[in-house]
file final_3.cif (mmCIF, C-alpha atoms)
data_target
#
loop_
_atom_site.group_PDB
_atom_site.id
_atom_site.type_symbol
_atom_site.label_atom_id
_atom_site.label_comp_id
_atom_site.auth_asym_id
_atom_site.auth_seq_id
_atom_site.Cartn_x
_atom_site.Cartn_y
_atom_site.Cartn_z
ATOM 1 C CA MET Q 1 12.767 14.373 -10.395
ATOM 2 C CA GLY Q 2 14.202 11.046 -11.510
ATOM 3 C CA SER Q 3 12.453 8.041 -12.922
ATOM 4 C CA ARG Q 4 9.418 6.665 -11.066
ATOM 5 C CA ASP Q 5 10.372 2.992 -11.334
ATOM 6 C CA GLY Q 6 9.548 1.630 -7.866
ATOM 7 C CA ASP Q 7 5.829 0.940 -8.207
ATOM 8 C CA GLY Q 8 4.982 -2.740 -8.099
ATOM 9 C CA TRP Q 9 4.360 -5.655 -5.782
ATOM 10 C CA VAL Q 10 7.029 -7.826 -4.171
ATOM 11 C CA ASP Q 11 6.331 -11.417 -3.095
ATOM 12 C CA CYS Q 12 8.112 -11.262 0.244
ATOM 13 C CA ASP Q 13 9.871 -14.060 2.098
ATOM 14 C CA CYS Q 14 7.395 -13.440 4.957
ATOM 15 C CA GLY Q 15 4.618 -14.889 2.779
ATOM 16 C CA ARG Q 16 2.871 -11.575 2.015
ATOM 17 C CA TYR Q 17 2.950 -9.136 -0.848
ATOM 18 C CA HIS Q 18 4.369 -5.669 -0.226
ATOM 19 C CA TRP Q 19 4.209 -2.490 -2.293
ATOM 20 C CA GLY Q 20 7.507 -1.155 -3.614
ATOM 21 C CA LEU Q 21 9.953 -2.987 -5.842
ATOM 22 C CA TYR Q 22 12.870 -1.409 -3.933
ATOM 23 C CA GLY Q 23 11.126 -1.207 -0.559
ATOM 24 C CA ALA Q 24 8.940 1.558 0.787
ATOM 25 C CA ALA Q 25 9.211 4.514 3.148
ATOM 26 C CA GLY Q 26 6.935 6.789 5.133
ATOM 27 C CA LEU Q 27 7.266 9.992 7.115
ATOM 28 C CA LEU Q 28 6.413 9.881 10.822
ATOM 29 C CA LEU Q 29 6.097 13.564 11.615
ATOM 30 C CA VAL Q 30 6.248 14.615 15.279
ATOM 31 C CA ARG Q 31 4.979 18.039 16.377
ATOM 32 C CA ARG Q 32 7.307 19.752 18.841
ATOM 33 C CA ASP Q 33 5.222 22.884 19.443
ATOM 34 C CA LEU Q 34 2.542 21.233 21.590
ATOM 35 C CA ALA Q 35 2.811 20.473 25.300
ATOM 36 C CA GLU Q 36 2.711 16.760 24.473
ATOM 37 C CA PRO Q 37 4.058 15.032 21.333
ATOM 38 C CA HIS Q 38 1.573 14.428 18.513
ATOM 39 C CA VAL Q 39 2.163 12.549 15.268
ATOM 40 C CA LEU Q 40 0.480 12.935 11.898
ATOM 41 C CA LEU Q 41 -1.667 9.983 10.835
ATOM 42 C CA GLN Q 42 -3.261 9.540 7.429
ATOM 43 C CA LEU Q 43 -6.515 7.661 6.835
ATOM 44 C CA ARG Q 44 -5.740 5.731 3.677
ATOM 45 C CA ALA Q 45 -8.304 5.962 0.892
ATOM 46 C CA ALA Q 46 -10.414 2.851 0.416
ATOM 47 C CA TRP Q 47 -8.868 2.053 -2.981
ATOM 48 C CA THR Q 48 -5.273 1.977 -1.655
ATOM 49 C CA HIS Q 49 -3.351 -0.953 -0.173
ATOM 50 C CA GLY Q 50 -4.627 -1.164 3.396
ATOM 51 C CA GLY Q 51 -7.394 1.294 2.578
ATOM 52 C CA GLY Q 52 -9.592 2.415 5.455
ATOM 53 C CA THR Q 53 -6.760 2.130 7.967
ATOM 54 C CA TRP Q 54 -4.541 4.767 9.557
ATOM 55 C CA ALA Q 55 -0.894 4.952 8.599
ATOM 56 C CA LEU Q 56 1.806 7.384 7.489
ATOM 57 C CA PRO Q 57 2.142 9.260 4.247
ATOM 58 C CA GLY Q 58 4.459 6.996 2.305
ATOM 59 C CA GLY Q 59 4.993 4.663 -0.577
ATOM 60 C CA ALA Q 60 7.415 2.922 -2.880
ATOM 61 C CA LEU Q 61 11.085 3.851 -3.139
ATOM 62 C CA ASP Q 62 12.406 4.392 -6.625
ATOM 63 C CA SER Q 63 15.729 2.809 -7.603
ATOM 64 C CA HIS Q 64 17.629 6.105 -7.311
ATOM 65 C CA GLU Q 65 16.193 7.118 -3.894
ATOM 66 C CA ASP Q 66 17.275 6.570 -0.334
ATOM 67 C CA PRO Q 67 14.536 6.134 2.306
ATOM 68 C CA ILE Q 68 14.706 9.750 3.502
ATOM 69 C CA ALA Q 69 14.300 11.168 -0.002
ATOM 70 C CA ALA Q 70 11.419 8.786 -0.725
ATOM 71 C CA ALA Q 71 9.611 9.584 2.534
ATOM 72 C CA LYS Q 72 9.925 13.325 1.913
ATOM 73 C CA ARG Q 73 8.700 12.942 -1.675
ATOM 74 C CA GLU Q 74 5.715 10.838 -0.609
ATOM 75 C CA ALA Q 75 4.832 13.299 2.177
ATOM 76 C CA TRP Q 76 4.840 16.109 -0.388
ATOM 77 C CA GLU Q 77 2.718 14.140 -2.874
ATOM 78 C CA GLU Q 78 0.149 12.887 -0.363
ATOM 79 C CA VAL Q 79 -0.139 15.593 2.303
ATOM 80 C CA GLY Q 80 1.687 18.627 0.889
ATOM 81 C CA ILE Q 81 4.499 18.787 3.442
ATOM 82 C CA GLU Q 82 7.427 20.787 2.123
ATOM 83 C CA GLU Q 83 10.928 19.602 2.974
ATOM 84 C CA HIS Q 84 11.864 22.774 4.878
ATOM 85 C CA HIS Q 85 9.172 22.003 7.485
ATOM 86 C CA VAL Q 86 10.830 18.772 8.652
ATOM 87 C CA SER Q 87 13.988 17.865 10.510
ATOM 88 C CA VAL Q 88 14.874 14.168 10.221
ATOM 89 C CA VAL Q 89 16.011 12.640 13.516
ATOM 90 C CA ASP Q 90 15.877 8.850 13.010
ATOM 91 C CA VAL Q 91 15.079 6.043 10.581
ATOM 92 C CA PHE Q 92 13.597 2.707 11.653
ATOM 93 C CA THR Q 93 13.632 -0.161 9.171
ATOM 94 C CA ASP Q 94 11.246 -3.095 9.316
ATOM 95 C CA ASP Q 95 13.664 -5.389 7.493
ATOM 96 C CA HIS Q 96 12.225 -8.386 5.653
ATOM 97 C CA GLY Q 97 15.485 -9.277 3.885
ATOM 98 C CA ALA Q 98 14.681 -8.687 0.232
ATOM 99 C CA TRP Q 99 12.181 -5.939 1.132
ATOM 100 C CA GLY Q 100 11.925 -3.339 3.877
ATOM 101 C CA TYR Q 101 9.753 -0.494 5.106
ATOM 102 C CA HIS Q 102 11.672 2.547 6.320
ATOM 103 C CA THR Q 103 9.933 4.844 8.789
ATOM 104 C CA VAL Q 104 11.602 8.252 8.717
ATOM 105 C CA ILE Q 105 11.015 10.024 12.024
ATOM 106 C CA ALA Q 106 11.109 13.807 11.703
ATOM 107 C CA HIS Q 107 10.262 16.771 13.915
ATOM 108 C CA CYS Q 108 8.302 19.862 12.956
ATOM 109 C CA HIS Q 109 6.929 22.976 14.631
ATOM 110 C CA GLY Q 110 3.327 23.739 13.871
ATOM 111 C CA ASP Q 111 1.246 21.623 11.541
ATOM 112 C CA ALA Q 112 3.797 21.787 8.676
ATOM 113 C CA ASN Q 113 0.929 22.943 6.446
ATOM 114 C CA ALA Q 114 -0.223 19.326 6.226
ATOM 115 C CA GLY Q 115 -3.396 18.820 4.226
ATOM 116 C CA ILE Q 116 -4.884 16.275 1.862
ATOM 117 C CA ALA Q 117 -2.932 16.728 -1.373
ATOM 118 C CA ASN Q 118 -4.124 13.785 -3.470
ATOM 119 C CA GLY Q 119 -6.666 10.964 -3.562
ATOM 120 C CA GLU Q 120 -4.622 8.592 -1.402
ATOM 121 C CA SER Q 121 -5.828 10.259 1.823
ATOM 122 C CA GLU Q 122 -9.338 10.482 3.235
ATOM 123 C CA ALA Q 123 -8.389 12.329 6.437
ATOM 124 C CA LEU Q 124 -5.445 13.511 8.496
ATOM 125 C CA HIS Q 125 -5.228 13.663 12.289
ATOM 126 C CA TRP Q 126 -2.570 14.912 14.685
ATOM 127 C CA VAL Q 127 -2.674 12.182 17.341
ATOM 128 C CA HIS Q 128 -1.114 12.137 20.799
ATOM 129 C CA VAL Q 129 1.736 9.645 20.752
ATOM 130 C CA ASN Q 130 0.070 7.602 23.533
ATOM 131 C CA ASP Q 131 -3.211 7.320 21.585
ATOM 132 C CA VAL Q 132 -1.899 6.044 18.240
ATOM 133 C CA HIS Q 133 -2.562 2.408 19.190
ATOM 134 C CA THR Q 134 -6.290 3.201 19.626
ATOM 135 C CA TYR Q 135 -6.687 3.867 15.883
ATOM 136 C CA ASP Q 136 -7.430 1.154 13.318
ATOM 137 C CA LEU Q 137 -3.850 1.021 12.050
ATOM 138 C CA HIS Q 138 -2.520 -0.416 8.801
ATOM 139 C CA PRO Q 139 -1.173 -3.884 9.788
ATOM 140 C CA GLY Q 140 2.434 -3.032 8.891
ATOM 141 C CA PHE Q 141 2.325 0.208 10.876
ATOM 142 C CA ALA Q 142 0.622 -1.531 13.806
ATOM 143 C CA GLY Q 143 3.417 -4.106 13.879
ATOM 144 C CA ALA Q 144 6.100 -1.424 13.849
ATOM 145 C CA TRP Q 145 4.438 0.919 16.357
ATOM 146 C CA PRO Q 146 5.862 -0.791 19.501
ATOM 147 C CA HIS Q 147 9.344 -0.121 18.065
ATOM 148 C CA LEU Q 148 8.545 3.389 16.872
ATOM 149 C CA GLN Q 149 6.917 4.852 19.980
ATOM 150 C CA PRO Q 150 10.017 4.582 22.220
ATOM 151 C CA ARG Q 151 12.181 5.979 19.420
ATOM 152 C CA ILE Q 152 9.893 8.998 19.176
ATOM 153 C CA ILE Q 153 10.070 9.577 22.927
ATOM 154 C CA SER Q 154 13.846 9.193 22.854
ATOM 155 C CA SER Q 155 14.142 11.651 19.956
ATOM 156 C CA LEU Q 156 12.446 14.333 22.047
ATOM 157 C CA THR Q 157 15.217 14.339 24.629
ATOM 158 C CA THR Q 158 18.102 14.786 22.216
#
call {"tool": "encode", "arguments": {"input": "final_3.cif", "output": "structure tokens"}}
result
Amino acid sequence: MGSRDGDGWVDCDCGRYHWGLYGAAGLLLVRRDLAEPHVLLQLRAAWTHGGGTWALPGGALDSHEDPIAAAKREAWEEVGIEEHHVSVVDVFTDDHGAWGYHTVIAHCHGDANAGIANGESEALHWVHVNDVHTYDLHPGFAGAWPHLQPRIISSLTT
């Protein structure tokens, strides 16, 4: 593993602070083995940025990483998902100019052995894609969800 140099806050042009000196990425994992699509949501630990809200396993990109590598690394660190369980199908970027959050959409069969792997998660739920909006979502994820949901549905037909 390379240097972990991406941790830190960025004062964004949007007027808010964001985590990740080089941006951030998360893994939006979609189960394909159920009759209806479900996605993995993580209840963020109270001490984390946006703690107490539901989001994706994710975090800061390091300078040597692309968004897919960072999302896979974060998913391993936070929820124990091994790379061979996922098949990346799309990347959506919430672009803020000098900073961006990259949602890596990936498919899996079964639960990908997801489980709480470190103190950044309080709970994990597989949630029907039409019910995600009913959860108390991290503000950034809530803002991106209207863009992500149709991309998930579209990814299921290809």
call {"tool": "closest_atom_pairs", "arguments": {"input": "final_3.cif", "of": "segment 3-104 of chain Q", "to": "segment 146-157 of chain Q", "cutoff": "12 Å", "atoms": "only C-alpha atoms", "output": "JSON lines"}}
result
{"residue": "Q:Leu27", "atom": "CA", "partner": "Q:Leu148", "partner_atom": "CA", "distance": 11.9}
{"residue": "Q:Leu28", "atom": "CA", "partner": "Q:Ile152", "partner_atom": "CA", "distance": 9.1}
{"residue": "Q:Leu29", "atom": "CA", "partner": "Q:Ile152", "partner_atom": "CA", "distance": 9.6}
{"residue": "Q:Val30", "atom": "CA", "partner": "Q:Ile152", "partner_atom": "CA", "distance": 7.7}
{"residue": "Q:Arg31", "atom": "CA", "partner": "Q:Leu156", "partner_atom": "CA", "distance": 10.1}
{"residue": "Q:Arg32", "atom": "CA", "partner": "Q:Leu156", "partner_atom": "CA", "distance": 8.1}
{"residue": "Q:Asp33", "atom": "CA", "partner": "Q:Leu156", "partner_atom": "CA", "distance": 11.5}
{"residue": "Q:Ala35", "atom": "CA", "partner": "Q:Leu156", "partner_atom": "CA", "distance": 11.9}
{"residue": "Q:Glu36", "atom": "CA", "partner": "Q:Leu156", "partner_atom": "CA", "distance": 10.3}
{"residue": "Q:Pro37", "atom": "CA", "partner": "Q:Ile153", "partner_atom": "CA", "distance": 8.3}
{"residue": "Q:His38", "atom": "CA", "partner": "Q:Ile152", "partner_atom": "CA", "distance": 10.0}
{"residue": "Q:Val39", "atom": "CA", "partner": "Q:Ile152", "partner_atom": "CA", "distance": 9.4}
{"residue": "Q:Ser87", "atom": "CA", "partner": "Q:Ser155", "partner_atom": "CA", "distance": 11.3}
{"residue": "Q:Val88", "atom": "CA", "partner": "Q:Ser155", "partner_atom": "CA", "distance": 10.1}
{"residue": "Q:Val89", "atom": "CA", "partner": "Q:Ser155", "partner_atom": "CA", "distance": 6.8}
{"residue": "Q:Asp90", "atom": "CA", "partner": "Q:Ser155", "partner_atom": "CA", "distance": 7.7}
{"residue": "Q:Val91", "atom": "CA", "partner": "Q:Arg151", "partner_atom": "CA", "distance": 9.3}
{"residue": "Q:Phe92", "atom": "CA", "partner": "Q:Leu148", "partner_atom": "CA", "distance": 7.3}
{"residue": "Q:Thr93", "atom": "CA", "partner": "Q:His147", "partner_atom": "CA", "distance": 9.9}
{"residue": "Q:Asp94", "atom": "CA", "partner": "Q:His147", "partner_atom": "CA", "distance": 9.4}
{"residue": "Q:His102", "atom": "CA", "partner": "Q:Leu148", "partner_atom": "CA", "distance": 11.0}
{"residue": "Q:Thr103", "atom": "CA", "partner": "Q:Leu148", "partner_atom": "CA", "distance": 8.3}
{"residue": "Q:Val104", "atom": "CA", "partner": "Q:Leu148", "partner_atom": "CA", "distance": 10.0}
call {"tool": "write_last_selection", "arguments": {"input": "final_3.cif", "atoms": "C-alpha atoms", "output": "CSV table (one decimal), keeping the file's coordinate frame"}}
result
chain,number,residue,atom,x,y,z
Q,27,LEU,CA,7.3,10.0,7.1
Q,28,LEU,CA,6.4,9.9,10.8
Q,29,LEU,CA,6.1,13.6,11.6
Q,30,VAL,CA,6.2,14.6,15.3
Q,31,ARG,CA,5.0,18.0,16.4
Q,32,ARG,CA,7.3,19.8,18.8
Q,33,ASP,CA,5.2,22.9,19.4
Q,35,ALA,CA,2.8,20.5,25.3
Q,36,GLU,CA,2.7,16.8,24.5
Q,37,PRO,CA,4.1,15.0,21.3
Q,38,HIS,CA,1.6,14.4,18.5
Q,39,VAL,CA,2.2,12.5,15.3
Q,87,SER,CA,14.0,17.9,10.5
Q,88,VAL,CA,14.9,14.2,10.2
Q,89,VAL,CA,16.0,12.6,13.5
Q,90,ASP,CA,15.9,8.8,13.0
Q,91,VAL,CA,15.1,6.0,10.6
Q,92,PHE,CA,13.6,2.7,11.7
Q,93,THR,CA,13.6,-0.2,9.2
Q,94,ASP,CA,11.2,-3.1,9.3
Q,102,HIS,CA,11.7,2.5,6.3
Q,103,THR,CA,9.9,4.8,8.8
Q,104,VAL,CA,11.6,8.3,8.7
call {"tool": "resolve_selection", "arguments": {"input": "final_3.cif", "expression": "the PyMOL selection byres ((chain Q and resi 43) around 10)", "output": "PyMOL selection string"}}
result
chain Q and resi 41-42+44-46+50-57+120-125+135-138
call {"tool": "closest_residue", "arguments": {"input": "final_3.cif", "among": "Q:Cys14, Q:Ala106, Q:Ala117, Q:Ala24", "to": "Asp62 of chain Q", "atoms": "all atoms listed in the file"}}
result
Q:Ala24
call {"tool": "resolve_selection", "arguments": {"input": "final_3.cif", "expression": "the PyMOL selection byres ((chain Q and resi 3) around 12)", "output": "PyMOL selection string"}}
result
chain Q and resi 1-2+4-7+61-65
call {"tool": "closest_residue", "arguments": {"input": "final_3.cif", "among": "Q:Val79, Q:Ala142, Q:Leu34, Q:Gly15", "to": "Gly115 of chain Q", "atoms": "all atoms listed in the file"}}
result
Q:Val79
call {"tool": "closest_residue", "arguments": {"input": "final_3.cif", "among": "Q:Gly143, Q:Gly80, Q:Gly97, Q:Gly59", "to": "Asn118 of chain Q", "atoms": "all atoms listed in the file"}}
result
Q:Gly80
call {"tool": "atom_distance", "arguments": {"input": "final_3.cif", "atom1": "atom CA of Ala75 of chain Q", "atom2": "atom CA of Gly26 of chain Q"}}
result
7.5 Å
call {"tool": "atom_distance", "arguments": {"input": "final_3.cif", "atom1": "atom CA of Gly100 of chain Q", "atom2": "atom CA of Tyr22 of chain Q"}}
result
8.1 Å
call {"tool": "residues_near_point", "arguments": {"input": "final_3.cif", "point": "(9.8, -16.3, 5.6)", "cutoff": "12 Å", "atoms": "all atoms listed in the file", "output": "ChimeraX atom specification"}}
result
/Q:11-17,95-99
call {"tool": "closest_residue", "arguments": {"input": "final_3.cif", "among": "Q:His107, Q:Trp47, Q:Tyr101, Q:Ala112", "to": "Ala144 of chain Q", "atoms": "all atoms listed in the file"}}
result
Q:Tyr101
call {"tool": "residues_around", "arguments": {"input": "final_3.cif", "residues": "Asp111 of chain Q", "least_positions_apart": "3", "cutoff": "9 Å", "atoms": "all atoms listed in the file", "output": "list in words"}}
result
Arg31, Asp33, Leu40, His85, Cys108, Ala114 and Trp126 of chain Q
call {"tool": "atom_distance", "arguments": {"input": "final_3.cif", "atom1": "atom CA of Pro139 of chain Q", "atom2": "atom CA of Gly110 of chain Q"}}
result
28.3 Å
call {"tool": "closest_residue", "arguments": {"input": "final_3.cif", "among": "Q:Gly119, Q:Gly8, Q:Gly140, Q:Pro67", "to": "Ile105 of chain Q", "atoms": "all atoms listed in the file"}}
result
Q:Pro67
call {"tool": "axis_aligned_box", "arguments": {"input": "final_3.cif", "around": "segment 37-42 of chain Q", "padding_each_side": "3 Å", "output": "JSON"}}
result
{"center_x": 0.4, "center_y": 12.3, "center_z": 14.4, "size_x": 13.3, "size_y": 11.5, "size_z": 19.9}
